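Text of model_12.txt (compact mmCIF, C-alpha atoms) as supplied:
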# COMPACT_ATOMS: atom_id res chain seq x y z
CA MET D 1 12.97 2.13 -18.32
CA TYR D 2 12.95 5.72 -19.53
CA GLY D 3 11.24 7.22 -22.55
CA HIS D 4 8.33 4.76 -22.54
CA ASP D 5 5.56 7.38 -22.10
CA VAL D 6 5.81 10.60 -24.05
CA LEU D 7 2.93 12.06 -22.01
CA ALA D 8 4.86 11.91 -18.76
CA PRO D 9 6.17 15.34 -17.71
CA HIS D 10 9.81 15.73 -16.71
CA ILE D 11 9.67 16.77 -13.08
CA ASP D 12 12.38 19.16 -11.87
CA ARG D 13 11.24 19.89 -8.32
CA ALA D 14 8.48 19.18 -5.81
CA ASP D 15 6.84 20.67 -2.77
CA ASN D 16 4.32 18.69 -0.70
CA ALA D 17 1.63 17.58 -3.21
CA CYS D 18 2.90 19.83 -6.00
CA LEU D 19 5.27 18.79 -8.79
CA PHE D 20 6.86 21.25 -11.22
CA ASP D 21 8.25 20.52 -14.66
CA GLY D 22 11.13 22.27 -16.43
CA GLN D 23 8.84 25.05 -17.65
CA GLY D 24 7.56 25.68 -14.12
CA ARG D 25 4.15 24.14 -14.78
CA GLN D 26 2.48 22.75 -11.66
CA TYR D 27 0.93 19.29 -11.31
CA ILE D 28 -0.96 18.05 -8.26
CA ASP D 29 0.40 14.61 -7.39
CA LEU D 30 -2.55 12.42 -6.42
CA GLU D 31 -0.35 9.29 -6.46
CA SER D 32 2.18 10.26 -3.77
CA GLY D 33 4.87 9.21 -6.21
CA VAL D 34 4.40 5.45 -6.21
CA TRP D 35 2.20 5.76 -3.08
CA CYS D 36 5.40 6.52 -1.17
CA THR D 37 5.08 10.03 0.32
CA PRO D 38 2.46 10.32 3.08
CA LEU D 39 4.20 13.50 4.28
CA GLY D 40 4.34 14.95 0.79
CA HIS D 41 7.45 15.61 -1.28
CA CYS D 42 10.53 17.23 0.26
CA HIS D 43 9.21 17.26 3.82
CA PRO D 44 11.73 19.27 5.90
CA ALA D 45 11.91 16.70 8.70
CA VAL D 46 12.82 13.95 6.23
CA LEU D 47 15.40 16.12 4.48
CA GLN D 48 16.94 17.01 7.83
CA ALA D 49 17.10 13.34 8.83
CA ILE D 50 18.85 12.42 5.57
CA THR D 51 21.42 15.20 5.64
CA GLY D 52 21.96 15.17 9.40
CA GLN D 53 22.44 11.42 9.75
CA SER D 54 24.51 11.12 6.56
CA ALA D 55 26.84 13.81 7.89
CA ARG D 56 27.44 11.70 11.01
CA VAL D 57 27.37 8.14 9.68
CA GLY D 58 25.11 6.82 6.97
CA HIS D 59 26.30 3.24 6.57
CA VAL D 60 28.38 1.01 8.82
CA GLY D 61 27.50 -2.51 7.69
CA PHE D 62 25.37 -5.12 9.40
CA CYS D 63 28.14 -6.34 11.71
CA TRP D 64 27.93 -3.14 13.76
CA SER D 65 25.22 -1.50 15.79
CA SER D 66 24.02 2.11 15.74
CA LYS D 67 22.02 4.06 18.30
CA VAL D 68 19.68 5.52 15.69
CA VAL D 69 18.81 2.05 14.40
CA GLU D 70 17.92 0.89 17.91
CA GLN D 71 15.77 3.98 18.50
CA ALA D 72 13.94 3.63 15.19
CA ALA D 73 13.33 -0.06 15.89
CA GLU D 74 11.73 0.79 19.21
CA ARG D 75 9.39 3.30 17.52
CA VAL D 76 8.30 0.85 14.81
CA LEU D 77 7.77 -2.02 17.23
CA SER D 78 5.75 0.20 19.56
CA LEU D 79 3.43 1.30 16.73
CA LEU D 80 2.84 -2.32 15.71
CA GLY D 81 2.24 -3.52 19.26
CA PHE D 82 5.43 -5.60 18.98
CA THR D 83 7.27 -4.03 21.94
CA GLY D 84 10.01 -6.44 22.98
CA GLY D 85 10.16 -7.91 19.48
CA SER D 86 12.71 -7.23 16.76
CA CYS D 87 12.98 -5.77 13.30
CA VAL D 88 15.41 -5.34 10.44
CA PHE D 89 15.71 -2.29 8.19
CA LEU D 90 16.00 -3.04 4.49
CA CYS D 91 15.62 -1.10 1.23
CA SER D 92 12.27 -1.91 -0.43
CA GLY D 93 8.82 -3.23 0.35
CA SER D 94 9.43 -6.29 -1.82
CA GLU D 95 12.50 -7.04 0.25
CA ALA D 96 10.64 -6.67 3.55
CA VAL D 97 7.93 -9.09 2.42
CA GLU D 98 10.55 -11.54 1.20
CA TYR D 99 12.37 -11.36 4.54
CA CYS D 100 9.14 -12.13 6.41
CA LEU D 101 8.42 -15.08 4.13
CA ARG D 102 11.89 -16.49 4.71
CA ALA D 103 11.38 -16.06 8.45
CA ALA D 104 8.08 -17.97 8.31
CA ARG D 105 9.64 -20.79 6.33
CA THR D 106 12.70 -20.84 8.56
CA LEU D 107 10.43 -21.45 11.53
CA ALA D 108 7.87 -23.77 9.94
CA GLY D 109 9.87 -25.61 7.29
CA ALA D 110 10.69 -24.63 3.74
CA ASP D 111 8.25 -27.14 2.26
CA LYS D 112 5.15 -25.67 3.91
CA PRO D 113 3.13 -23.24 1.75
CA LEU D 114 1.37 -20.09 2.89
CA LEU D 115 -2.25 -19.09 2.56
CA THR D 116 -3.02 -15.78 0.87
CA LEU D 117 -5.70 -14.08 -1.21
CA ALA D 118 -5.85 -14.45 -4.98
CA ASP D 119 -5.73 -10.75 -5.82
CA SER D 120 -2.75 -9.87 -3.61
CA TYR D 121 0.59 -8.44 -4.71
CA PHE D 122 3.65 -9.05 -2.56
CA GLY D 123 6.74 -8.01 -4.44
CA ALA D 124 8.83 -7.74 -7.55
CA TYR D 125 11.24 -10.63 -6.91
CA GLY D 126 11.99 -13.71 -4.81
CA SER D 127 9.33 -16.13 -3.62
CA ALA D 128 6.99 -13.18 -3.00
CA HIS D 129 6.85 -12.61 -6.76
CA LYS D 130 5.98 -16.21 -7.74
CA ASP D 131 2.48 -16.89 -9.03
CA SER D 132 2.85 -20.67 -8.97
CA LYS D 133 0.91 -22.70 -6.45
CA ASP D 134 4.07 -24.20 -4.93
CA PRO D 135 4.67 -21.58 -2.21
CA TRP D 136 1.02 -20.48 -1.94
CA LEU D 137 -2.60 -21.32 -1.84
CA ARG D 138 -4.25 -18.25 -3.32
CA PHE D 139 -7.83 -18.21 -2.04
CA ASP D 140 -10.32 -16.45 -4.33
CA TRP D 141 -12.43 -14.48 -1.87
CA LEU D 142 -14.46 -12.42 -4.36
CA GLY D 143 -17.41 -14.78 -4.00
CA CYS D 144 -17.39 -14.12 -0.26
CA GLU D 145 -18.81 -10.61 -0.53
CA PRO D 146 -21.60 -10.44 0.13
CA CYS D 147 -21.34 -13.62 2.17
CA PRO D 148 -24.19 -16.05 1.39
CA HIS D 149 -24.01 -17.47 4.93
CA ASP D 150 -25.03 -16.02 8.25
CA GLY D 151 -22.64 -16.16 11.19
CA PRO D 152 -18.89 -16.84 11.21
CA CYS D 153 -16.99 -18.75 8.53
CA SER D 154 -17.41 -22.49 9.07
CA ASP D 155 -17.49 -25.86 7.36
CA ALA D 156 -21.05 -25.07 6.30
CA CYS D 157 -19.40 -23.06 3.51
CA GLU D 158 -17.94 -25.05 0.61
CA SER D 159 -15.35 -22.35 -0.08
CA TRP D 160 -14.16 -22.53 3.53
CA GLN D 161 -14.08 -26.34 3.36
CA SER D 162 -11.78 -26.13 0.33
CA ILE D 163 -8.96 -24.54 2.35
CA PRO D 164 -6.51 -27.18 3.70
CA PHE D 165 -5.52 -25.17 6.77
CA SER D 166 -3.36 -27.90 8.31
CA GLN D 167 -0.85 -27.58 5.46
CA PHE D 168 0.06 -23.94 5.99
CA ALA D 169 3.01 -22.30 7.70
CA GLY D 170 1.11 -19.02 7.85
CA PHE D 171 -1.30 -16.53 6.34
CA LEU D 172 0.12 -13.60 4.36
CA PHE D 173 -2.44 -10.78 4.23
CA GLU D 174 -2.46 -7.58 2.18
CA PRO D 175 -5.17 -5.42 3.83
CA GLY D 176 -6.78 -3.73 0.87
CA SER D 177 -4.54 -2.85 -2.05
CA SER D 178 -5.52 -5.94 -4.09
CA SER D 179 -2.79 -5.50 -6.69
CA GLY D 180 -3.79 -1.87 -7.09
CA MET D 181 -7.55 -2.44 -7.42
CA VAL D 182 -8.36 -1.30 -3.84
CA ARG D 183 -10.62 -4.08 -2.61
CA PHE D 184 -11.26 -4.82 1.05
CA PRO D 185 -11.94 -8.45 2.01
CA PRO D 186 -14.74 -9.12 4.53
CA VAL D 187 -13.70 -8.69 8.16
CA LYS D 188 -15.23 -11.97 9.30
CA LEU D 189 -13.33 -13.93 6.61
CA ILE D 190 -9.95 -12.45 7.51
CA GLN D 191 -10.52 -12.85 11.24
CA ALA D 192 -11.52 -16.48 10.76
CA MET D 193 -8.48 -17.24 8.58
CA ALA D 194 -6.09 -15.59 11.04
CA ALA D 195 -7.64 -17.38 14.03
CA LYS D 196 -7.46 -20.75 12.29
CA ILE D 197 -3.82 -20.33 11.28
CA GLN D 198 -2.66 -18.98 14.66
CA GLY D 199 -4.71 -21.60 16.48
CA GLN D 200 -2.66 -24.35 14.89
CA GLY D 201 0.67 -22.65 15.58
CA GLY D 202 1.08 -20.82 12.28
CA TRP D 203 2.02 -17.19 11.71
CA VAL D 204 -0.01 -14.24 10.44
CA ILE D 205 2.08 -11.89 8.29
CA VAL D 206 0.68 -8.52 7.20
CA ASN D 207 1.95 -6.76 4.10
CA GLU D 208 1.62 -3.07 5.02
CA VAL D 209 3.87 -1.77 2.25
CA THR D 210 0.96 0.05 0.60
CA THR D 211 -1.64 0.19 3.37
CA GLY D 212 0.66 1.25 6.21
CA MET D 213 1.71 4.64 7.60
CA GLY D 214 -1.76 6.17 7.81
CA ARG D 215 -2.81 5.47 4.23
CA THR D 216 -6.18 3.92 5.20
CA GLY D 217 -6.99 6.33 8.04
CA LYS D 218 -5.27 4.16 10.64
CA TRP D 219 -1.57 3.60 11.21
CA PHE D 220 -1.86 0.17 9.54
CA GLY D 221 -4.44 -1.50 7.35
CA TYR D 222 -4.69 -4.60 9.52
CA GLU D 223 -6.20 -2.47 12.29
CA HIS D 224 -9.46 -2.40 10.33
CA TYR D 225 -9.63 -6.18 10.89
CA GLY D 226 -8.86 -6.40 14.59
CA LEU D 227 -5.88 -8.68 13.97
CA SER D 228 -2.85 -9.36 16.15
CA PRO D 229 -0.24 -10.21 13.52
CA ASP D 230 3.03 -12.01 14.16
CA MET D 231 5.10 -10.32 11.44
CA ALA D 232 4.72 -7.12 9.43
CA ALA D 233 6.38 -5.82 6.27
CA LEU D 234 6.55 -2.03 5.92
CA GLY D 235 7.77 -0.02 2.95
CA LYS D 236 6.84 2.91 0.70
CA GLY D 237 5.46 5.48 3.15
CA VAL D 238 7.73 4.46 6.01
CA GLY D 239 10.58 6.24 4.17
CA ASN D 240 8.48 9.01 2.55
CA GLY D 241 10.31 8.47 -0.73
CA PHE D 242 13.64 7.39 0.76
CA PRO D 243 14.42 3.71 -0.08
CA VAL D 244 13.97 2.05 3.31
CA SER D 245 11.68 -0.74 4.51
CA VAL D 246 11.17 -2.76 7.68
CA ALA D 247 10.49 -6.42 8.46
CA ALA D 248 9.14 -6.52 12.02
CA PHE D 249 8.48 -9.43 14.36
CA SER D 250 6.42 -9.90 17.52
CA PRO D 251 8.23 -11.01 20.71
CA PRO D 252 7.37 -14.73 20.29
CA VAL D 253 8.63 -14.74 16.69
CA ALA D 254 11.73 -12.76 17.65
CA GLU D 255 12.47 -15.32 20.37
CA HIS D 256 12.24 -18.18 17.88
CA LEU D 257 14.42 -16.38 15.36
CA SER D 258 17.10 -15.71 17.97
CA HIS D 259 17.75 -19.45 17.92
CA THR D 260 17.17 -19.95 14.18
CA PRO D 261 18.38 -16.90 12.24
CA VAL D 262 16.87 -16.02 8.87
CA PRO D 263 19.34 -16.87 6.05
CA TYR D 264 19.54 -13.37 4.59
CA ALA D 265 22.07 -10.58 4.28
CA GLN D 266 22.51 -7.56 2.06
CA SER D 267 24.81 -4.56 1.99
CA HIS D 268 22.39 -1.92 3.28
CA GLN D 269 20.75 -3.93 6.01
CA ASN D 270 20.15 -1.68 9.07
CA ASP D 271 21.67 1.42 7.48
CA ALA D 272 21.67 4.34 9.88
CA THR D 273 20.34 6.87 7.36
CA GLY D 274 17.29 4.77 6.54
CA ALA D 275 16.57 4.24 10.23
CA ALA D 276 16.84 7.99 10.88
CA VAL D 277 14.33 8.66 8.11
CA VAL D 278 11.86 6.12 9.54
CA GLN D 279 12.13 7.77 12.94
CA ALA D 280 11.56 11.22 11.41
CA VAL D 281 8.52 10.05 9.42
CA ILE D 282 6.82 8.58 12.50
CA LYS D 283 7.54 11.66 14.58
CA ALA D 284 6.23 14.04 11.90
CA MET D 285 3.05 12.01 11.44
CA GLU D 286 2.39 12.14 15.18
CA GLU D 287 3.17 15.83 15.57
CA GLN D 288 1.06 16.86 12.58
CA GLY D 289 -1.89 14.64 13.55
CA LEU D 290 -1.91 13.04 10.12
CA ILE D 291 -4.00 9.98 11.00
CA GLN D 292 -6.98 12.21 11.83
CA GLN D 293 -6.16 14.52 8.92
CA CYS D 294 -6.27 11.53 6.58
CA GLN D 295 -9.77 10.69 7.80
CA ASP D 296 -10.93 14.29 7.35
CA LEU D 297 -9.52 14.60 3.83
CA SER D 298 -10.94 11.19 2.96
CA ASP D 299 -14.42 12.51 3.74
CA VAL D 300 -13.86 15.46 1.39
CA LEU D 301 -12.65 13.26 -1.45
CA LEU D 302 -15.11 10.36 -1.08
CA ASN D 303 -18.12 12.63 -0.59
CA GLY D 304 -17.12 14.68 -3.62
CA LEU D 305 -16.65 11.58 -5.76
CA GLY D 306 -20.02 10.29 -4.54
CA ARG D 307 -21.73 13.47 -5.75
CA ILE D 308 -20.08 13.14 -9.16
CA LYS D 309 -21.16 9.49 -9.38
CA LYS D 310 -24.81 10.53 -8.99
CA LYS D 311 -24.43 12.76 -12.06
CA PHE D 312 -22.44 10.26 -14.14
CA PRO D 313 -23.67 6.63 -14.17
CA VAL D 314 -20.49 5.82 -16.13
CA ILE D 315 -18.89 5.65 -12.66
CA THR D 316 -19.79 2.10 -11.66
CA ALA D 317 -18.06 1.92 -8.27
CA ILE D 318 -16.04 3.89 -5.74
CA ARG D 319 -13.96 2.02 -3.18
CA GLY D 320 -11.89 3.63 -0.48
CA ARG D 321 -10.43 3.74 3.00
CA GLY D 322 -8.67 6.85 4.12
CA LEU D 323 -6.71 8.21 1.17
CA MET D 324 -6.56 4.91 -0.73
CA ILE D 325 -9.35 5.24 -3.28
CA ALA D 326 -10.35 3.59 -6.56
CA VAL D 327 -12.93 4.82 -9.07
CA ASP D 328 -14.26 2.37 -11.67
CA LEU D 329 -15.53 3.65 -15.02
CA ASP D 330 -17.74 1.55 -17.30
CA GLN D 331 -15.09 -0.24 -19.34
CA GLU D 332 -17.55 -2.34 -21.37
CA THR D 333 -19.64 0.53 -22.72
CA PHE D 334 -16.77 3.01 -22.90
CA PRO D 335 -13.54 1.06 -23.52
CA GLY D 336 -10.51 3.24 -22.97
CA LEU D 337 -12.43 6.03 -21.23
CA ALA D 338 -10.46 5.73 -17.98
CA LEU D 339 -7.14 6.09 -19.79
CA ARG D 340 -8.49 9.04 -21.78
CA VAL D 341 -9.69 10.78 -18.62
CA GLN D 342 -6.38 10.13 -16.87
CA ARG D 343 -4.43 11.68 -19.74
CA ASP D 344 -6.79 14.64 -19.88
CA LEU D 345 -6.36 15.22 -16.15
CA VAL D 346 -2.57 15.30 -16.59
CA GLU D 347 -3.10 18.07 -19.13
CA ARG D 348 -5.23 19.85 -16.53
CA GLY D 349 -2.46 19.48 -13.94
CA TYR D 350 -3.59 16.43 -11.92
CA ILE D 351 -1.63 13.17 -11.80
CA LEU D 352 -3.37 9.93 -10.81
CA THR D 353 -3.02 6.24 -11.63
CA HIS D 354 -4.84 4.32 -14.34
CA ARG D 355 -4.83 0.58 -13.71
CA SER D 356 -3.68 -0.80 -17.08
CA GLY D 357 -6.26 -2.87 -18.94
CA THR D 358 -9.13 -1.81 -16.68
CA GLY D 359 -11.52 1.07 -16.16
CA THR D 360 -10.03 1.81 -12.76
CA LEU D 361 -8.50 5.09 -11.65
CA ARG D 362 -6.64 5.15 -8.33
CA LEU D 363 -5.96 8.03 -5.97
CA ASP D 364 -3.40 7.93 -3.15
CA PRO D 365 -2.64 11.59 -2.33
CA CYS D 366 -0.29 12.52 0.48
CA LEU D 367 -1.85 12.95 3.92
CA THR D 368 -0.61 16.55 3.92
CA ILE D 369 -2.35 17.60 0.70
CA GLU D 370 -4.27 20.87 0.92
CA GLU D 371 -8.05 20.57 0.81
CA GLU D 372 -8.22 23.12 -2.01
CA HIS D 373 -6.17 20.79 -4.22
CA LEU D 374 -8.66 17.97 -3.64
CA ARG D 375 -11.59 20.25 -4.46
CA GLY D 376 -9.75 21.46 -7.56
CA PHE D 377 -9.29 17.85 -8.65
CA LEU D 378 -12.98 17.06 -8.11
CA ALA D 379 -13.97 19.97 -10.33
CA ALA D 380 -11.45 18.96 -13.01
CA PHE D 381 -12.54 15.31 -12.86
CA GLN D 382 -16.20 16.24 -13.35
CA THR D 383 -15.35 18.51 -16.27
CA SER D 384 -13.09 15.88 -17.85
CA LEU D 385 -15.79 13.22 -17.58
CA ALA D 386 -18.43 15.50 -19.06
CA GLU D 387 -16.29 16.60 -22.00
CA SER D 388 -14.97 13.09 -22.69
CA LEU D 389 -18.49 11.64 -22.78
CA GLU D 390 -19.85 14.50 -24.87
CA SER D 391 -17.23 13.89 -27.55
CA TRP D 392 -17.06 10.13 -27.04
CA ARG D 393 -15.50 8.12 -29.83
CA PRO D 394 -13.66 4.86 -29.05
CA ASP D 395 -9.93 5.27 -29.34
CA SER D 396 -8.24 2.19 -30.77
CA SER D 397 -4.94 3.19 -29.15
CA SER D 398 -6.55 2.97 -25.68
Structure re-expressed in structure tokens:
Amino acid sequence: MYGHDVLAPHIDRADNACLFDGQGRQYIDLESGVWCTPLGHCHPAVLQAITGQSARVGHVGFCWSSKVVEQAAERVLSLLGFTGGSCVFLCSGSEAVEYCLRAARTLAGADKPLLTLADSYFGAYGSAHKDSKDPWLRFDWLGCEPCPHDGPCSDACESWQSIPFSQFAGFLFEPGSSSGMVRFPPVKLIQAMAAKIQGQGGWVIVNEVTTGMGRTGKWFGYEHYGLSPDMAALGKGVGNGFPVSVAAFSPPVAEHLSHTPVPYAQSHQNDATGAAVVQAVIKAMEEQGLIQQCQDLSDVLLNGLGRIKKKFPVITAIRGRGLMIAVDLDQETFPGLALRVQRDLVERGYILTHRSGTGTLRLDPCLTIEEEHLRGFLAAFQTSLAESLESWRPDSSS
């Protein structure tokens, strides 16, 4: 839908973390688009992959093979530790999650639900979008941190006892985005859930659409949990703004699916251009050392936000891994403050996300952002907070 936010600038061009409107005004993009550009906007390697591959062959249909698709598949599977497995290239993160869910139900039976966490988001359509309890058991883990019990998760915990593990085809895990709120479930809980499911022959599926491609300071968010997943859905950053996603499968899953194919087909499945982009993104991230750079820039941003928090108690929490960061403002005392600050920062030339209906601001800058832009944002954020609080008056429109 267009025209729904009169405050949104009309962007004419972009360069790395910088966006420019029709009047040439610069904005620092602290969202990476919709968290999609770990290499920044208009990265030359991505542009070259798009134009170069499209000039040779961009689309041949899923009945034919292409060398670039095979090469990109090998790179993705190697990164995931799925060497010898298989993957399919699709168009969106929602689609990749949906494909993995269909694979799990193809193998385990369509009537078996999956275990997941209550605050997860998996997609815009299909079974991944359903909030009903039919395809899921959505476990509310927020009471698990801090854990009231010593040692590993066990039947000594009533919450753990409430989970009917024997019913599940698998465990679908989103490692930290929490529907945009940036929450990180306890390691021991996730490890215990994965071990229980895999121990009874079920599958662990990781949704890395948001947390993948270096966003959390590692290639994939599940690496913070020491998991060995069976399936992975990649999107957003894997195409650096180009609409491509990947559903990837470990060798055992790929072997099963070779005998029982997933009932799914769409026009742009395994398109050569998308595969070329994925290959270019991985290569650029390796050559530029962006995993380490993400960690270094994360220190700059989190430490700076921590210093601001000490000056402004209105900041109630800061949560982050790598360059996936959320800042909570006191919504009860200052309703609408977060939205006001976000709008003010746009006027100052910094674009970030406000989580609608909450006091949460979210930052997901590209891994290639210049340190000076982060320090400029920190200064602008502190000034915006100070001025907003000094002139505080509740805004009914917020």
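A straight line drawn from atom CA of D:Val46 to atom CA of D:Leu374 is 24.0 Å long.
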Excluding D:Leu389 and any residue of its chain fewer than 6 positions from it, enumerate the residues within 12 Å of it, using all atoms listed in the file, and give them as an MDAnalysis selection string. chainID D and resid 312:315 329:330 333:338 340:341 382:383
Nearby residues (all atoms listed in the file) at most 6 Å from stretch 240-252 of chain D, same-chain spacing under 2 positions excluded, as JSON, numbers by chain: {"D": [36, 37, 82, 84, 85, 86, 87, 88, 89, 90, 91, 92, 93, 96, 230, 231, 232, 233, 234, 235, 237, 238, 254, 255, 274]}
Save out the residues we just selected, C-alpha atoms, as a PDB file, in the coordinates of the input.
ATOM      1  CA  CYS D  36       5.400   6.520  -1.170  1.00  0.00           C
ATOM      2  CA  THR D  37       5.080  10.030   0.320  1.00  0.00           C
ATOM      3  CA  PHE D  82       5.430  -5.600  18.980  1.00  0.00           C
ATOM      4  CA  GLY D  84      10.010  -6.440  22.980  1.00  0.00           C
ATOM      5  CA  GLY D  85      10.160  -7.910  19.480  1.00  0.00           C
ATOM      6  CA  SER D  86      12.710  -7.230  16.760  1.00  0.00           C
ATOM      7  CA  CYS D  87      12.980  -5.770  13.300  1.00  0.00           C
ATOM      8  CA  VAL D  88      15.410  -5.340  10.440  1.00  0.00           C
ATOM      9  CA  PHE D  89      15.710  -2.290   8.190  1.00  0.00           C
ATOM     10  CA  LEU D  90      16.000  -3.040   4.490  1.00  0.00           C
ATOM     11  CA  CYS D  91      15.620  -1.100   1.230  1.00  0.00           C
ATOM     12  CA  SER D  92      12.270  -1.910  -0.430  1.00  0.00           C
ATOM     13  CA  GLY D  93       8.820  -3.230   0.350  1.00  0.00           C
ATOM     14  CA  ALA D  96      10.640  -6.670   3.550  1.00  0.00           C
ATOM     15  CA  ASP D 230       3.030 -12.010  14.160  1.00  0.00           C
ATOM     16  CA  MET D 231       5.100 -10.320  11.440  1.00  0.00           C
ATOM     17  CA  ALA D 232       4.720  -7.120   9.430  1.00  0.00           C
ATOM     18  CA  ALA D 233       6.380  -5.820   6.270  1.00  0.00           C
ATOM     19  CA  LEU D 234       6.550  -2.030   5.920  1.00  0.00           C
ATOM     20  CA  GLY D 235       7.770  -0.020   2.950  1.00  0.00           C
ATOM     21  CA  GLY D 237       5.460   5.480   3.150  1.00  0.00           C
ATOM     22  CA  VAL D 238       7.730   4.460   6.010  1.00  0.00           C
ATOM     23  CA  ALA D 254      11.730 -12.760  17.650  1.00  0.00           C
ATOM     24  CA  GLU D 255      12.470 -15.320  20.370  1.00  0.00           C
ATOM     25  CA  GLY D 274      17.290   4.770   6.540  1.00  0.00           C
TER      26      GLY D 274
END
Separation of atom CA of D:Phe184 from atom CA of D:His373 in Å: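 Answer for the atom CA of D:His373 to atom CA of D:Phe184 separation: 26.6 Å.
Shortest separation to D:His59 among D:Met285, D:Ala195, D:Ala275, D:Ile369 occurs at residue D:Ala275, atoms counted being all atoms listed in the file.
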From the options D:Leu361, D:Ile325, D:Leu39, D:Cys63, which residue's atoms come nearest to D:Leu345, counting all atoms listed in the file? D:Leu361
One decimal, in Å: what's the spacing between atom CA of D:Asp140 and atom CA of D:Phe168?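 Between these atoms lies a distance of 16.4 Å.
Residues lying within 10 Å of (-7.5, -6.3, 10.9). Counted over all atoms listed in the file, they are Phe173, Pro175, Val187, Lys188, Ile190, Gln191, Ala194, Val206, Phe220, Gly221, Tyr222, Glu223, His224, Tyr225, Gly226, Leu227, Ser228 and Pro229 of chain D.
Between D:Ala192 and the candidates D:Glu287, D:Asp299, D:Asp155, D:Asp344, the tightest atom-to-atom separation, counting only C-alpha atoms, involves D:Asp155.
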Measuring atom to atom with only C-alpha atoms, identify which of D:Gln279, D:Ser391, D:Ser94, D:Thr216 is nearest to D:Ala45.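 Nearest to D:Ala45: D:Gln279.
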Restricting the calculation to all atoms listed in the file, which member of D:Val277, D:Tyr350, D:Gly22, D:Glu371 is positioned closest to D:Ser298?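 Checking each of D:Val277, D:Tyr350, D:Gly22, D:Glu371 against D:Ser298, counting all atoms listed in the file, the winner is D:Glu371.
You can rank D:Glu158, D:Asp328, D:Glu95, D:Glu387 by their closest distance to D:Leu363 using all atoms listed in the file, and at the top of that list sits D:Asp328.
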Show me, as CSV, the residues of stretch 24-82 of chain D having an atom within 12 Å of stretch 261-268 of chain D, each with the closest atom pair and its distance in Å, using all atoms listed in the file.
residue,atom,partner,partner_atom,distance
D:Gly58,CA,D:His268,CA,9.9
D:His59,CA,D:His268,CA,7.3
D:Val60,CA,D:His268,CA,8.7
D:Gly61,CA,D:Ser267,CA,6.6
D:Phe62,CA,D:Ser267,CA,7.5
D:Cys63,CA,D:Ser267,CA,10.4
D:Trp64,CA,D:His268,CA,11.9
Can you write out the residues you just picked, keeping C-alpha atoms, as a short mmCIF file (atom, residue, chain, number, x, y, z; two decimals), keeping the file's coordinate frame?
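Final output, saved to part.cif:
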data_model
loop_
_atom_site.label_atom_id
_atom_site.label_comp_id
_atom_site.auth_asym_id
_atom_site.auth_seq_id
_atom_site.Cartn_x
_atom_site.Cartn_y
_atom_site.Cartn_z
CA GLY D 58 25.11 6.82 6.97
CA HIS D 59 26.30 3.24 6.57
CA VAL D 60 28.38 1.01 8.82
CA GLY D 61 27.50 -2.51 7.69
CA PHE D 62 25.37 -5.12 9.40
CA CYS D 63 28.14 -6.34 11.71
CA TRP D 64 27.93 -3.14 13.76
#
Show me the residues close to (17.1, 13.0, 10.1) - anything with an atom within 12 Å, counting all atoms listed in the file - and format the list as number ranges by chain. D: 43-58, 68-69, 72, 239, 242, 272-284
Excluding same-chain residues fewer than 4 positions from D:Trp35, what lies within 7 Å of it counting only C-alpha atoms, as a list in words?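 Listed by chain and then number, they are Glu31, Thr210, Lys236 and Asp364 of chain D.
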Would you export the selected residues with C-alpha atoms as a tab-separated table (two decimals), in the coordinates of the input, please?
chain	number	residue	atom	x	y	z
D	31	GLU	CA	-0.35	9.29	-6.46
D	210	THR	CA	0.96	0.05	0.60
D	236	LYS	CA	6.84	2.91	0.70
D	364	ASP	CA	-3.40	7.93	-3.15
All file atoms of stretch 214-230 of chain D boxed axis-aligned, 6 Å per side, centre plus edges, as AutoDock Vina command-line options:
--center_x -3.3 --center_y -2.8 --center_z 10.2 --size_x 24.7 --size_y 30.3 --size_z 23.9
Any chance you could model N, CA, C and O atoms for stretch 249-254 of chain D and send them as a PDB file, keeping the file's coordinate frame?
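The result, stored in out02.pdb:
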ATOM      1  N   PHE D 249       8.908  -8.156  13.787  1.00  0.00           N
ATOM      2  CA  PHE D 249       8.480  -9.430  14.360  1.00  0.00           C
ATOM      3  C   PHE D 249       8.025  -9.251  15.807  1.00  0.00           C
ATOM      4  O   PHE D 249       8.651  -8.520  16.582  1.00  0.00           O
ATOM      5  N   SER D 250       6.937  -9.925  16.152  1.00  0.00           N
ATOM      6  CA  SER D 250       6.420  -9.900  17.520  1.00  0.00           C
ATOM      7  C   SER D 250       7.407 -10.585  18.453  1.00  0.00           C
ATOM      8  O   SER D 250       8.290 -11.332  18.003  1.00  0.00           O
ATOM      9  N   PRO D 251       7.292 -10.369  19.771  1.00  0.00           N
ATOM     10  CA  PRO D 251       8.230 -11.010  20.710  1.00  0.00           C
ATOM     11  C   PRO D 251       8.334 -12.526  20.573  1.00  0.00           C
ATOM     12  O   PRO D 251       9.459 -13.058  20.567  1.00  0.00           O
ATOM     13  N   PRO D 252       7.215 -13.280  20.437  1.00  0.00           N
ATOM     14  CA  PRO D 252       7.370 -14.730  20.290  1.00  0.00           C
ATOM     15  C   PRO D 252       8.153 -15.121  19.036  1.00  0.00           C
ATOM     16  O   PRO D 252       8.992 -16.037  19.078  1.00  0.00           O
ATOM     17  N   VAL D 253       7.893 -14.436  17.926  1.00  0.00           N
ATOM     18  CA  VAL D 253       8.630 -14.740  16.690  1.00  0.00           C
ATOM     19  C   VAL D 253      10.096 -14.362  16.848  1.00  0.00           C
ATOM     20  O   VAL D 253      10.998 -15.116  16.450  1.00  0.00           O
ATOM     21  N   ALA D 254      10.350 -13.196  17.443  1.00  0.00           N
ATOM     22  CA  ALA D 254      11.730 -12.760  17.650  1.00  0.00           C
ATOM     23  C   ALA D 254      12.500 -13.761  18.508  1.00  0.00           C
ATOM     24  O   ALA D 254      13.684 -14.040  18.255  1.00  0.00           O
TER      25      ALA D 254
END
